[in-house]
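Novice: Sharing entry22.cif, mmCIF, C-alpha atoms:
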```
data_data
#
loop_
_atom_site.label_atom_id
_atom_site.label_comp_id
_atom_site.auth_asym_id
_atom_site.auth_seq_id
_atom_site.Cartn_x
_atom_site.Cartn_y
_atom_site.Cartn_z
CA MET A 1 24.13 -27.06 1.18
CA ILE A 2 23.76 -25.25 4.49
CA ARG A 3 21.59 -27.33 6.81
CA LYS A 4 18.84 -25.58 8.73
CA THR A 5 17.13 -28.58 10.28
CA VAL A 6 16.60 -29.04 13.99
CA PRO A 7 15.19 -32.30 15.39
CA ASN A 8 12.11 -30.95 17.14
CA VAL A 9 10.17 -27.95 18.41
CA THR A 10 12.14 -27.84 21.69
CA GLU A 11 15.42 -27.33 19.83
CA ALA A 12 13.74 -24.92 17.44
CA LEU A 13 12.72 -22.61 20.27
CA VAL A 14 16.05 -22.48 22.10
CA GLY A 15 16.72 -18.89 23.17
CA VAL A 16 13.15 -17.64 23.56
CA LYS A 17 12.85 -15.52 26.71
CA ASN A 18 10.48 -13.32 28.67
CA ASP A 19 9.74 -9.87 27.22
CA MET A 20 10.75 -10.74 23.68
CA THR A 21 8.99 -9.62 20.48
CA PHE A 22 7.68 -12.37 18.20
CA MET A 23 6.18 -12.41 14.72
CA LEU A 24 3.69 -15.17 14.04
CA GLY A 25 2.35 -16.07 10.61
CA GLY A 26 -1.27 -16.94 9.88
CA PHE A 27 -4.61 -15.42 8.96
CA GLY A 28 -7.26 -16.39 11.47
CA LEU A 29 -6.33 -19.99 12.25
CA CYS A 30 -5.13 -20.62 8.69
CA GLY A 31 -1.38 -21.15 8.42
CA ILE A 32 -0.53 -20.53 12.08
CA PRO A 33 2.62 -22.09 13.59
CA GLU A 34 0.61 -24.28 15.94
CA ASN A 35 3.52 -26.45 17.13
CA SER A 36 5.61 -23.43 18.11
CA ILE A 37 2.62 -21.85 19.85
CA ALA A 38 2.01 -25.04 21.85
CA GLU A 39 5.66 -25.03 22.91
CA LEU A 40 5.50 -21.36 23.94
CA VAL A 41 2.52 -22.22 26.14
CA LYS A 42 4.55 -25.06 27.70
CA LEU A 43 7.61 -22.84 28.28
CA ASN A 44 5.34 -20.36 30.06
CA ILE A 45 7.41 -17.31 29.18
CA SER A 46 5.63 -14.00 29.55
CA GLY A 47 5.73 -10.26 28.88
CA LEU A 48 5.65 -11.02 25.17
CA THR A 49 4.90 -8.65 22.30
CA CYS A 50 3.26 -10.54 19.44
CA ILE A 51 2.99 -9.27 15.89
CA SER A 52 0.28 -11.30 14.20
CA ASN A 53 -2.65 -10.38 11.97
CA ASN A 54 -5.13 -11.97 14.40
CA ALA A 55 -5.11 -13.29 17.93
CA GLY A 56 -6.53 -16.77 17.38
CA VAL A 57 -9.76 -17.88 19.03
CA ASP A 58 -10.37 -18.42 22.74
CA ASP A 59 -9.00 -21.96 22.83
CA PHE A 60 -6.66 -22.16 19.85
CA GLY A 61 -3.79 -20.28 18.25
CA LEU A 62 -2.57 -17.19 20.09
CA GLY A 63 -5.72 -17.40 22.23
CA LEU A 64 -3.85 -20.09 24.20
CA LEU A 65 -1.07 -17.62 25.13
CA LEU A 66 -3.64 -14.94 25.95
CA GLN A 67 -5.48 -17.25 28.30
CA LYS A 68 -2.29 -17.77 30.29
CA LYS A 69 -1.60 -14.01 30.22
CA GLN A 70 1.77 -14.56 28.53
CA ILE A 71 1.21 -11.66 26.11
CA ASN A 72 1.73 -8.03 27.12
CA LYS A 73 1.11 -6.42 23.78
CA MET A 74 -0.50 -7.46 20.51
CA ILE A 75 0.13 -5.76 17.18
CA SER A 76 -2.66 -6.91 14.85
CA SER A 77 -5.15 -5.74 12.25
CA TYR A 78 -8.25 -7.66 13.31
CA VAL A 79 -9.03 -9.19 16.67
CA GLY A 80 -12.70 -10.20 16.52
CA GLU A 81 -13.60 -13.83 17.24
CA ASN A 82 -11.84 -13.81 20.60
CA ASP A 83 -13.80 -12.91 23.75
CA GLU A 84 -10.88 -13.21 26.16
CA PHE A 85 -8.85 -10.91 23.94
CA GLU A 86 -11.63 -8.31 23.90
CA ARG A 87 -12.01 -8.57 27.67
CA GLN A 88 -8.27 -8.08 28.33
CA MET A 89 -8.11 -5.20 25.87
CA LEU A 90 -11.14 -3.30 27.19
CA SER A 91 -9.99 -3.79 30.81
CA GLY A 92 -6.53 -2.50 29.95
CA GLU A 93 -4.65 -5.69 30.92
CA LEU A 94 -3.47 -6.08 27.35
CA ASP A 95 -1.82 -3.39 25.26
CA VAL A 96 -3.13 -3.51 21.70
CA GLU A 97 -1.88 -1.70 18.63
CA LEU A 98 -4.30 -2.07 15.74
CA ILE A 99 -2.82 -1.31 12.33
CA PRO A 100 -4.06 -1.73 8.75
CA GLN A 101 -3.51 -5.22 7.38
CA GLY A 102 -1.46 -4.11 4.38
CA THR A 103 0.69 -1.97 6.65
CA LEU A 104 1.30 -4.99 8.90
CA ALA A 105 2.45 -7.03 5.91
CA GLU A 106 4.64 -4.26 4.57
CA ARG A 107 6.29 -3.49 7.94
CA CYS A 108 7.31 -7.16 8.02
CA ARG A 109 8.54 -7.08 4.46
CA ALA A 110 10.48 -3.87 5.12
CA ALA A 111 12.29 -5.63 7.98
CA GLN A 112 12.95 -8.61 5.71
CA GLY A 113 14.22 -6.53 2.82
CA GLY A 114 16.26 -3.85 4.55
CA PHE A 115 13.98 -0.83 4.41
CA PRO A 116 13.84 1.23 7.64
CA ALA A 117 10.34 2.48 6.82
CA ILE A 118 7.77 2.76 4.06
CA TYR A 119 5.11 5.26 3.01
CA THR A 120 1.54 4.01 2.70
CA PRO A 121 -1.74 5.80 2.02
CA ALA A 122 -3.54 3.46 4.46
CA GLY A 123 -4.78 5.20 7.57
CA TYR A 124 -4.12 8.76 6.44
CA GLY A 125 -6.60 11.11 8.11
CA THR A 126 -7.50 8.50 10.76
CA GLU A 127 -6.30 7.90 14.32
CA VAL A 128 -3.80 5.36 12.94
CA ALA A 129 -1.77 8.26 11.51
CA GLU A 130 -1.81 10.34 14.69
CA GLY A 131 1.71 11.41 15.70
CA LYS A 132 3.23 9.92 12.56
CA GLU A 133 5.13 11.70 9.83
CA THR A 134 3.04 12.27 6.69
CA ARG A 135 4.11 13.37 3.25
CA GLU A 136 2.56 14.27 -0.07
CA PHE A 137 3.57 12.46 -3.25
CA ASN A 138 1.92 13.41 -6.55
CA GLY A 139 -0.98 15.11 -4.80
CA LYS A 140 -1.82 12.24 -2.45
CA MET A 141 -1.03 11.94 1.26
CA TYR A 142 0.97 9.07 2.76
CA VAL A 143 1.92 7.94 6.28
CA LEU A 144 5.45 6.89 7.26
CA GLU A 145 5.41 3.43 8.89
CA HIS A 146 8.52 1.84 10.35
CA ALA A 147 9.89 -1.66 9.79
CA PHE A 148 9.22 -4.05 12.67
CA LYS A 149 11.99 -5.25 14.93
CA ALA A 150 11.48 -8.75 16.30
CA ASP A 151 13.51 -11.42 18.07
CA PHE A 152 11.85 -14.49 16.57
CA ALA A 153 9.53 -15.12 13.63
CA PHE A 154 7.41 -18.28 13.88
CA ILE A 155 6.36 -19.53 10.48
CA LYS A 156 4.19 -22.35 9.16
CA ALA A 157 4.92 -23.71 5.67
CA TRP A 158 3.52 -26.73 3.83
CA LYS A 159 6.75 -28.28 2.61
CA GLY A 160 10.35 -27.45 3.29
CA ASP A 161 13.74 -28.98 2.68
CA GLU A 162 16.87 -29.37 4.82
CA ALA A 163 18.23 -26.11 3.39
CA GLY A 164 15.21 -24.20 4.70
CA ASN A 165 13.61 -23.64 1.29
CA LEU A 166 9.85 -23.30 1.67
CA ILE A 167 6.65 -23.94 -0.26
CA PHE A 168 3.30 -22.74 1.06
CA LYS A 169 -0.16 -24.06 0.28
CA GLY A 170 -3.32 -22.14 -0.58
CA THR A 171 -4.22 -19.18 1.59
CA SER A 172 -2.16 -20.54 4.48
CA ARG A 173 0.65 -18.61 2.81
CA ASN A 174 -0.70 -15.19 3.96
CA PHE A 175 1.80 -13.38 6.26
CA ASN A 176 4.24 -16.30 6.53
CA PRO A 177 6.52 -15.40 3.58
CA CYS A 178 6.56 -11.72 4.63
CA MET A 179 7.84 -12.63 8.10
CA CYS A 180 10.65 -14.98 7.01
CA GLY A 181 13.94 -13.23 7.68
CA ALA A 182 12.15 -10.26 9.24
CA ALA A 183 13.26 -11.22 12.78
CA LYS A 184 16.67 -12.09 14.23
CA ILE A 185 15.80 -15.80 14.15
CA THR A 186 13.22 -17.37 11.83
CA VAL A 187 11.79 -20.69 12.97
CA VAL A 188 9.74 -22.69 10.47
CA GLU A 189 7.51 -25.67 11.08
CA VAL A 190 6.50 -27.71 8.03
CA GLU A 191 4.04 -30.51 7.43
CA GLU A 192 6.59 -32.33 5.32
CA LEU A 193 10.36 -31.98 5.61
CA VAL A 194 12.22 -33.39 2.61
CA PRO A 195 15.90 -33.88 1.70
CA ALA A 196 17.64 -31.08 -0.19
CA GLY A 197 17.30 -31.61 -3.93
CA THR A 198 13.75 -32.94 -3.69
CA LEU A 199 12.02 -29.63 -4.32
CA ASP A 200 12.28 -27.98 -7.73
CA PRO A 201 14.22 -24.70 -7.23
CA ASP A 202 11.74 -23.05 -9.57
CA HIS A 203 8.89 -23.83 -7.18
CA ILE A 204 10.41 -22.39 -3.99
CA HIS A 205 8.38 -19.53 -2.50
CA ILE A 206 10.95 -18.55 0.14
CA PRO A 207 14.68 -19.37 -0.19
CA GLY A 208 16.40 -20.92 2.83
CA ILE A 209 18.61 -17.87 3.37
CA PHE A 210 15.65 -16.30 5.22
CA VAL A 211 15.34 -19.28 7.57
CA GLN A 212 17.53 -20.23 10.56
CA ARG A 213 15.72 -23.31 11.88
CA ILE A 214 13.30 -25.74 10.25
CA PHE A 215 11.55 -28.78 11.71
CA GLN A 216 8.72 -31.11 10.88
CA GLY A 217 5.76 -30.36 13.13
CA GLU A 218 4.69 -33.30 15.25
CA ARG A 219 1.00 -32.61 14.86
CA PHE A 220 -1.15 -30.25 12.84
CA GLU A 221 -4.75 -29.85 13.88
CA LYS A 222 -5.42 -27.19 11.20
CA ARG A 223 -8.67 -26.17 12.80
CA ILE A 224 -11.27 -24.52 10.55
CA GLU A 225 -12.73 -21.31 11.96
CA GLN A 226 -15.83 -21.00 9.73
CA ARG A 227 -16.83 -24.24 8.06
CA THR A 228 -18.99 -23.15 5.13
CA VAL A 229 -20.27 -25.68 2.58
CA ARG A 230 -22.91 -25.95 -0.13
CA LYS A 231 -25.32 -28.80 -0.77
CA ARG A 232 -24.83 -31.11 -3.71
CA GLU A 233 -27.64 -30.47 -6.19
CA MET B 1 -37.50 -1.21 0.33
CA LEU B 2 -34.61 -3.59 -0.30
CA ASP B 3 -33.44 -6.42 1.92
CA LYS B 4 -29.76 -7.39 2.12
CA ASN B 5 -30.02 -9.52 -1.01
CA GLY B 6 -31.71 -6.66 -2.84
CA ILE B 7 -28.83 -4.33 -1.98
CA ALA B 8 -26.38 -6.96 -3.25
CA LYS B 9 -28.43 -7.37 -6.46
CA ARG B 10 -28.33 -3.64 -7.18
CA ILE B 11 -24.59 -3.47 -6.56
CA ALA B 12 -24.05 -6.46 -8.85
CA LYS B 13 -25.43 -4.35 -11.70
CA GLU B 14 -22.37 -2.11 -11.30
CA LEU B 15 -20.05 -5.01 -12.19
CA GLN B 16 -18.43 -4.81 -15.60
CA ASP B 17 -16.81 -7.43 -17.75
CA GLY B 18 -13.16 -7.97 -16.79
CA TYR B 19 -13.44 -6.43 -13.33
CA PHE B 20 -11.31 -7.65 -10.43
CA VAL B 21 -13.47 -7.14 -7.35
CA ASN B 22 -12.85 -7.17 -3.60
CA LEU B 23 -15.93 -7.89 -1.52
CA GLY B 24 -15.99 -7.11 2.18
CA ILE B 25 -17.65 -9.19 4.89
CA GLY B 26 -21.46 -9.08 5.29
CA ILE B 27 -23.80 -7.74 2.59
CA PRO B 28 -20.90 -7.25 0.10
CA THR B 29 -20.23 -11.01 0.09
CA LEU B 30 -23.76 -11.57 -1.29
CA VAL B 31 -22.89 -9.61 -4.46
CA ALA B 32 -21.10 -12.72 -5.77
CA ASN B 33 -24.49 -14.46 -6.03
CA TYR B 34 -25.85 -11.97 -8.58
CA ILE B 35 -23.18 -11.56 -11.28
CA PRO B 36 -24.99 -10.39 -14.44
CA GLU B 37 -25.14 -12.93 -17.27
CA GLY B 38 -22.53 -12.73 -19.98
CA ILE B 39 -19.76 -11.01 -18.02
CA GLU B 40 -16.61 -12.36 -16.39
CA VAL B 41 -15.41 -10.97 -13.07
CA GLU B 42 -12.79 -12.32 -10.67
CA PHE B 43 -13.02 -11.99 -6.91
CA GLN B 44 -9.98 -11.09 -4.81
CA SER B 45 -9.80 -11.91 -1.15
CA GLU B 46 -7.15 -9.96 0.72
CA ASN B 47 -5.88 -12.97 2.65
CA GLY B 48 -4.29 -14.09 -0.60
CA VAL B 49 -6.47 -15.48 -3.37
CA LEU B 50 -7.68 -14.25 -6.75
CA GLY B 51 -10.39 -16.23 -8.50
CA MET B 52 -12.46 -17.21 -5.49
CA GLY B 53 -15.21 -19.74 -6.15
CA PRO B 54 -18.27 -20.89 -4.21
CA PHE B 55 -18.26 -22.73 -0.87
CA PRO B 56 -16.99 -26.33 -1.15
CA PHE B 57 -19.28 -29.35 -1.16
CA GLU B 58 -19.63 -30.96 2.22
CA GLY B 59 -16.58 -33.11 2.96
CA GLU B 60 -14.38 -31.19 0.51
CA GLU B 61 -13.48 -28.31 2.86
CA ASP B 62 -9.77 -27.51 3.02
CA ALA B 63 -8.45 -25.71 6.13
CA ASP B 64 -5.78 -24.12 3.91
CA ILE B 65 -8.25 -22.47 1.52
CA ILE B 66 -10.35 -19.73 3.12
CA ASN B 67 -11.58 -16.21 2.37
CA ALA B 68 -11.03 -13.05 4.42
CA GLY B 69 -14.10 -13.93 6.51
CA LYS B 70 -12.26 -17.17 7.46
CA GLN B 71 -14.88 -19.23 5.60
CA THR B 72 -13.87 -22.32 3.64
CA ILE B 73 -14.03 -21.64 -0.11
CA THR B 74 -13.04 -23.11 -3.46
CA THR B 75 -11.13 -21.61 -6.38
CA MET B 76 -12.12 -21.11 -10.02
CA PRO B 77 -10.03 -22.13 -13.04
CA GLY B 78 -7.34 -19.46 -13.43
CA ALA B 79 -7.16 -18.74 -9.69
CA SER B 80 -3.92 -17.87 -7.89
CA PHE B 81 -2.60 -17.68 -4.33
CA PHE B 82 -0.14 -15.11 -3.02
CA ASP B 83 1.18 -13.63 0.23
CA SER B 84 -0.32 -10.71 2.18
CA ALA B 85 2.22 -8.14 0.98
CA MET B 86 1.49 -8.95 -2.66
CA SER B 87 -2.22 -8.98 -1.94
CA PHE B 88 -2.13 -5.44 -0.59
CA GLY B 89 0.21 -4.48 -3.41
CA MET B 90 -2.67 -5.35 -5.74
CA ILE B 91 -4.96 -3.17 -3.66
CA ARG B 92 -2.69 -0.15 -3.08
CA GLY B 93 -1.39 -0.38 -6.65
CA GLN B 94 -4.99 0.02 -7.88
CA HIS B 95 -5.05 -3.23 -9.81
CA VAL B 96 -8.38 -4.11 -8.21
CA ASP B 97 -11.22 -2.40 -10.12
CA LEU B 98 -14.00 -2.33 -7.55
CA THR B 99 -14.22 -2.53 -3.76
CA VAL B 100 -17.51 -3.15 -2.01
CA LEU B 101 -17.62 -2.83 1.76
CA GLY B 102 -19.97 -2.24 4.65
CA ALA B 103 -20.01 0.84 6.89
CA MET B 104 -21.37 2.13 10.17
CA GLU B 105 -21.32 5.75 8.94
CA VAL B 106 -20.54 7.65 5.72
CA SER B 107 -20.19 11.43 5.52
CA GLU B 108 -21.27 13.66 2.64
CA GLU B 109 -17.59 14.23 1.88
CA GLY B 110 -17.05 10.52 1.37
CA ASP B 111 -15.45 9.74 4.74
CA ILE B 112 -16.21 6.27 6.07
CA ALA B 113 -16.25 4.78 9.58
CA ASN B 114 -16.53 1.04 9.99
CA TRP B 115 -13.97 -0.35 12.42
CA LYS B 116 -14.46 0.86 15.95
CA ILE B 117 -17.05 2.06 18.46
CA PRO B 118 -14.95 3.57 21.28
CA GLY B 119 -15.42 1.76 24.58
CA LYS B 120 -17.84 -0.78 23.10
CA MET B 121 -16.57 -2.63 20.09
CA VAL B 122 -13.03 -2.88 18.83
CA LYS B 123 -12.50 -5.56 16.27
CA GLY B 124 -9.92 -3.75 14.19
CA MET B 125 -9.75 -2.40 10.67
CA GLY B 126 -8.40 -5.52 9.01
CA GLY B 127 -7.76 -4.58 5.39
CA ALA B 128 -10.42 -1.87 5.22
CA MET B 129 -8.04 1.09 5.69
CA ASP B 130 -5.74 -0.13 2.91
CA LEU B 131 -8.74 -0.71 0.63
CA VAL B 132 -10.40 2.66 1.13
CA ALA B 133 -7.12 4.62 0.97
CA SER B 134 -6.26 3.19 -2.42
CA ALA B 135 -9.28 2.01 -4.40
CA GLU B 136 -10.56 4.33 -7.14
CA ASN B 137 -14.00 2.80 -7.14
CA ILE B 138 -15.59 2.17 -3.75
CA ILE B 139 -19.22 1.24 -3.20
CA VAL B 140 -20.62 1.09 0.31
CA ALA B 141 -23.36 -1.45 1.02
CA MET B 142 -25.32 -0.74 4.18
CA MET B 143 -28.69 -0.05 5.75
CA HIS B 144 -29.73 3.61 5.49
CA THR B 145 -30.28 3.88 9.26
CA ASN B 146 -28.84 2.06 12.27
CA LYS B 147 -30.74 -0.23 14.63
CA ALA B 148 -31.81 2.78 16.74
CA GLY B 149 -33.27 4.39 13.59
CA ALA B 150 -30.59 7.09 13.27
CA SER B 151 -29.25 8.00 9.83
CA LYS B 152 -25.92 6.51 8.75
CA LEU B 153 -25.52 9.14 5.98
CA LEU B 154 -24.17 12.11 7.88
CA LYS B 155 -22.72 15.58 7.46
CA LYS B 156 -19.72 14.39 9.49
CA CYS B 157 -18.92 10.94 10.84
CA SER B 158 -19.09 10.66 14.63
CA LEU B 159 -17.10 7.39 14.89
CA PRO B 160 -13.34 6.99 14.34
CA LEU B 161 -12.65 7.12 10.61
CA THR B 162 -11.48 4.31 8.38
CA GLY B 163 -10.67 6.64 5.49
CA VAL B 164 -11.28 10.18 4.25
CA GLY B 165 -12.98 11.34 1.07
CA CYS B 166 -13.00 7.92 -0.52
CA VAL B 167 -16.57 6.63 -0.91
CA LYS B 168 -18.00 7.14 -4.40
CA LYS B 169 -21.35 5.37 -4.27
CA ILE B 170 -23.70 4.03 -1.61
CA VAL B 171 -26.43 1.44 -1.99
CA THR B 172 -28.80 1.21 0.97
CA ASN B 173 -32.15 -0.45 1.59
CA LEU B 174 -33.72 2.85 0.46
CA ALA B 175 -31.60 4.30 -2.32
CA LEU B 176 -28.61 4.48 -4.64
CA LEU B 177 -26.62 7.64 -3.98
CA GLU B 178 -23.48 9.22 -5.36
CA VAL B 179 -21.05 11.11 -3.14
CA THR B 180 -20.28 14.32 -5.03
CA GLY B 181 -18.32 16.40 -2.53
CA GLU B 182 -21.32 18.71 -2.09
CA GLY B 183 -23.58 16.05 -0.65
CA PHE B 184 -25.32 12.76 -1.32
CA LYS B 185 -26.79 12.94 -4.81
CA LEU B 186 -29.89 10.76 -5.03
CA LEU B 187 -29.72 8.63 -8.18
CA GLU B 188 -32.36 5.93 -7.65
CA ARG B 189 -35.09 5.03 -5.18
CA ALA B 190 -35.54 1.46 -3.94
CA PRO B 191 -38.83 -0.11 -5.03
CA GLY B 192 -41.77 1.34 -3.08
CA VAL B 193 -39.67 4.05 -1.39
CA SER B 194 -40.49 7.75 -1.86
CA VAL B 195 -38.07 10.67 -2.08
CA GLU B 196 -39.67 11.91 1.14
CA ASP B 197 -38.74 8.61 2.92
CA ILE B 198 -35.13 9.02 1.81
CA LYS B 199 -35.05 12.69 2.90
CA ASN B 200 -36.31 11.71 6.34
CA ALA B 201 -33.65 9.03 6.73
CA THR B 202 -30.70 11.16 5.58
CA GLU B 203 -28.99 13.53 8.02
CA GLY B 204 -26.38 14.79 5.53
CA THR B 205 -27.06 17.08 2.59
CA LEU B 206 -29.28 15.33 0.05
CA ILE B 207 -29.11 16.55 -3.54
CA ILE B 208 -32.28 15.89 -5.52
CA GLU B 209 -32.32 16.88 -9.19
CA GLY B 210 -35.43 16.24 -11.28
CA ASP B 211 -37.43 13.04 -11.12
CA ILE B 212 -35.70 10.23 -9.28
CA PRO B 213 -36.28 6.90 -11.00
CA GLU B 214 -37.08 3.68 -9.17
CA MET B 215 -34.39 0.98 -9.25
CA VAL B 216 -34.66 -1.79 -11.79
CA LEU B 217 -33.25 -4.92 -10.21
CA SER B 218 -33.54 -7.59 -12.88
#
```
Kindly return the structure encoded in the file as structure tokens.

Specialist:
Amino acid sequence: MIRKTVPNVTEALVGVKNDMTFMLGGFGLCGIPENSIAELVKLNISGLTCISNNAGVDDFGLGLLLQKKQINKMISSYVGENDEFERQMLSGELDVELIPQGTLAERCRAAQGGFPAIYTPAGYGTEVAEGKETREFNGKMYVLEHAFKADFAFIKAWKGDEAGNLIFKGTSRNFNPCMCGAAKITVVEVEELVPAGTLDPDHIHIPGIFVQRIFQGERFEKRIEQRTVRKRE
Amino acid sequence: MLDKNGIAKRIAKELQDGYFVNLGIGIPTLVANYIPEGIEVEFQSENGVLGMGPFPFEGEEDADIINAGKQTITTMPGASFFDSAMSFGMIRGQHVDLTVLGAMEVSEEGDIANWKIPGKMVKGMGGAMDLVASAENIIVAMMHTNKAGASKLLKKCSLPLTGVGCVKKIVTNLALLEVTGEGFKLLERAPGVSVEDIKNATEGTLIIEGDIPEMVLS
């Protein structure tokens, strides 16, 4: 067994520097690597490019890095729910590349799986396709989109073992599996870190080969963005 | 004239047994409340769940189980979770039978704009561009006119596009229309709405053939 464990978030983030490109898992606030984000805030590095579906909310998730102006550029599909983000974007302080959500996922997966680029129909005929190569297959038009290049991927999983094997829970899975192994170094925080041999190999969502460092997060707030409930009859 | 729930009710009549359906945020979400009796449909949410159920009972919310609107949800028997790449594989691969989404503008050629108002509002396209580029069966749910009273059914969209030539049907507060390539073909009038009302509220080419029936909602 090849051990991937590190004792804490500080060790997990060794090597992060100014001006790097990061991938961060999560959809809204669901399944975000909150321990790694908190540490990035503490380290106060800046000039970052962040690839993440959303940008958190004003006071949680990537919103924390935005508040401290640590991010130079965001690559996302949806950035509502964050006033500071909108302000920085409209004023030009923040560079923002908005791309279709499926394209975001697939550009991660291409990096993970060794494809330099992929063709997708998403965005054809819109400003997203401007300046990009397009091609017709079977009478339909497609846009060439390139694999991402990133220095670190920050991932949140539910359970993991010492070998870096991961299991996700519910919709907190989202972009996390697509980003594992898609950057030079993949750092995973889990709610529960277990000894190798504990997890059934048939139940692993992401094999440890895609993971360089794994640690048990100290604290998970798991904030809910839209608490919607129904009344008991 | 229909309210938002009325629009959702009319769209729900388009559901067929065995359909996998993706509902966008806003009016489309309400469609789930009006599934016709005797049919089974399954709702897909692009953040990674098939078989979405109703909101949880108070105290049973789970931060790890949400829909694409970031609302806490539950799952139905037979539900499954998956990652974002697989989710959009379902969409691009045309495994989802029906997509319902909102729009700011639709053109008579089926172009749709719903993600950006330059200089004013930029929230992003989310999954909408993937959905409209791939789905065979797209229904737009929206008000016929915007808050300023201007038509949202246009010859050409004025806002940045989300997709081209993709919208098949539109249900508004005034009418059910089909996008034919030559214009908006009026299929049904909302209760109490005249053909004249619809003409006045439509900037794009309106095709009217014969008597236009009034919608039956129940």

Novice: Dump as a compact mmCIF listing (two decimals) with C-alpha atoms, in the coordinates of the input the residues of chain A that approach chain B to within 8 Å, counting all atoms listed in the file.

Specialist:
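Contents of iface10.txt, as written:
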```txt
# COMPACT_ATOMS: atom_id res chain seq x y z
CA PHE A 27 -4.61 -15.42 8.96
CA GLY A 28 -7.26 -16.39 11.47
CA CYS A 30 -5.13 -20.62 8.69
CA GLY A 31 -1.38 -21.15 8.42
CA SER A 76 -2.66 -6.91 14.85
CA SER A 77 -5.15 -5.74 12.25
CA TYR A 78 -8.25 -7.66 13.31
CA VAL A 79 -9.03 -9.19 16.67
CA GLY A 80 -12.70 -10.20 16.52
CA GLU A 86 -11.63 -8.31 23.90
CA LEU A 90 -11.14 -3.30 27.19
CA LEU A 98 -4.30 -2.07 15.74
CA ILE A 99 -2.82 -1.31 12.33
CA PRO A 100 -4.06 -1.73 8.75
CA GLN A 101 -3.51 -5.22 7.38
CA GLY A 102 -1.46 -4.11 4.38
CA THR A 103 0.69 -1.97 6.65
CA ALA A 105 2.45 -7.03 5.91
CA GLU A 106 4.64 -4.26 4.57
CA ARG A 109 8.54 -7.08 4.46
CA PRO A 121 -1.74 5.80 2.02
CA ALA A 122 -3.54 3.46 4.46
CA GLY A 123 -4.78 5.20 7.57
CA TYR A 124 -4.12 8.76 6.44
CA GLY A 125 -6.60 11.11 8.11
CA THR A 126 -7.50 8.50 10.76
CA GLU A 127 -6.30 7.90 14.32
CA LYS A 169 -0.16 -24.06 0.28
CA GLY A 170 -3.32 -22.14 -0.58
CA THR A 171 -4.22 -19.18 1.59
CA SER A 172 -2.16 -20.54 4.48
CA ARG A 173 0.65 -18.61 2.81
CA ASN A 174 -0.70 -15.19 3.96
CA PHE A 175 1.80 -13.38 6.26
CA ASN A 176 4.24 -16.30 6.53
CA PRO A 177 6.52 -15.40 3.58
CA CYS A 178 6.56 -11.72 4.63
CA LYS A 222 -5.42 -27.19 11.20
CA ARG A 223 -8.67 -26.17 12.80
CA ILE A 224 -11.27 -24.52 10.55
CA GLU A 225 -12.73 -21.31 11.96
CA GLN A 226 -15.83 -21.00 9.73
CA ARG A 227 -16.83 -24.24 8.06
CA THR A 228 -18.99 -23.15 5.13
CA VAL A 229 -20.27 -25.68 2.58
CA ARG A 230 -22.91 -25.95 -0.13
CA LYS A 231 -25.32 -28.80 -0.77
CA ARG A 232 -24.83 -31.11 -3.71
```

Novice: Using the chain letters and numbers from the file, give me the residues hit by the PyMOL selection byres ((chain A and resi 205-215) around 8), as a list in words.

Specialist: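 Output of the PyMOL selection byres ((chain A and resi 205-215) around 8): Lys4, Thr5, Val6, Pro7, Asn8, Val9, Ala12, Gly160, Glu162, Ala163, Gly164, Asn165, Leu166, Ile167, Phe168, Pro177, Cys180, Gly181, Ile185, Thr186, Val187, Val188, Glu189, Val190, Leu193, His203, Ile204, Gln216 and Gly217 of chain A.
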
Novice: Those residues with C-alpha atoms, as a CSV table (one decimal), keeping the file's coordinate frame please?

Specialist:
```
chain,number,residue,atom,x,y,z
A,4,LYS,CA,18.8,-25.6,8.7
A,5,THR,CA,17.1,-28.6,10.3
A,6,VAL,CA,16.6,-29.0,14.0
A,7,PRO,CA,15.2,-32.3,15.4
A,8,ASN,CA,12.1,-31.0,17.1
A,9,VAL,CA,10.2,-28.0,18.4
A,12,ALA,CA,13.7,-24.9,17.4
A,160,GLY,CA,10.4,-27.4,3.3
A,162,GLU,CA,16.9,-29.4,4.8
A,163,ALA,CA,18.2,-26.1,3.4
A,164,GLY,CA,15.2,-24.2,4.7
A,165,ASN,CA,13.6,-23.6,1.3
A,166,LEU,CA,9.8,-23.3,1.7
A,167,ILE,CA,6.6,-23.9,-0.3
A,168,PHE,CA,3.3,-22.7,1.1
A,177,PRO,CA,6.5,-15.4,3.6
A,180,CYS,CA,10.6,-15.0,7.0
A,181,GLY,CA,13.9,-13.2,7.7
A,185,ILE,CA,15.8,-15.8,14.2
A,186,THR,CA,13.2,-17.4,11.8
A,187,VAL,CA,11.8,-20.7,13.0
A,188,VAL,CA,9.7,-22.7,10.5
A,189,GLU,CA,7.5,-25.7,11.1
A,190,VAL,CA,6.5,-27.7,8.0
A,193,LEU,CA,10.4,-32.0,5.6
A,203,HIS,CA,8.9,-23.8,-7.2
A,204,ILE,CA,10.4,-22.4,-4.0
A,216,GLN,CA,8.7,-31.1,10.9
A,217,GLY,CA,5.8,-30.4,13.1
```

Novice: Rounded to one decimal, what separation in Å do you get between atom CA of A:Ala153 and atom CA of A:Val14?

Specialist: 13.0 Å

Novice: Between atom CA of B:Ala32 and atom CA of B:Val140, what is the distance, to one decimal in Å?

Specialist: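 Result for atom CA of B:Ala32 versus atom CA of B:Val140: 15.1 Å, one decimal.
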
Novice: Spell out the residues picked by the PyMOL selection byres ((chain B and resi 146) around 12) here, as a list in words.

Specialist: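 That selection, the PyMOL selection byres ((chain B and resi 146) around 12), comes back as Ala103, Met104, Glu105, Val106, Met142, Met143, His144, Thr145, Lys147, Ala148, Gly149, Ala150, Ser151, Lys152, Leu153, Leu154, Thr172, Asn173, Ala201 and Thr202 of chain B.
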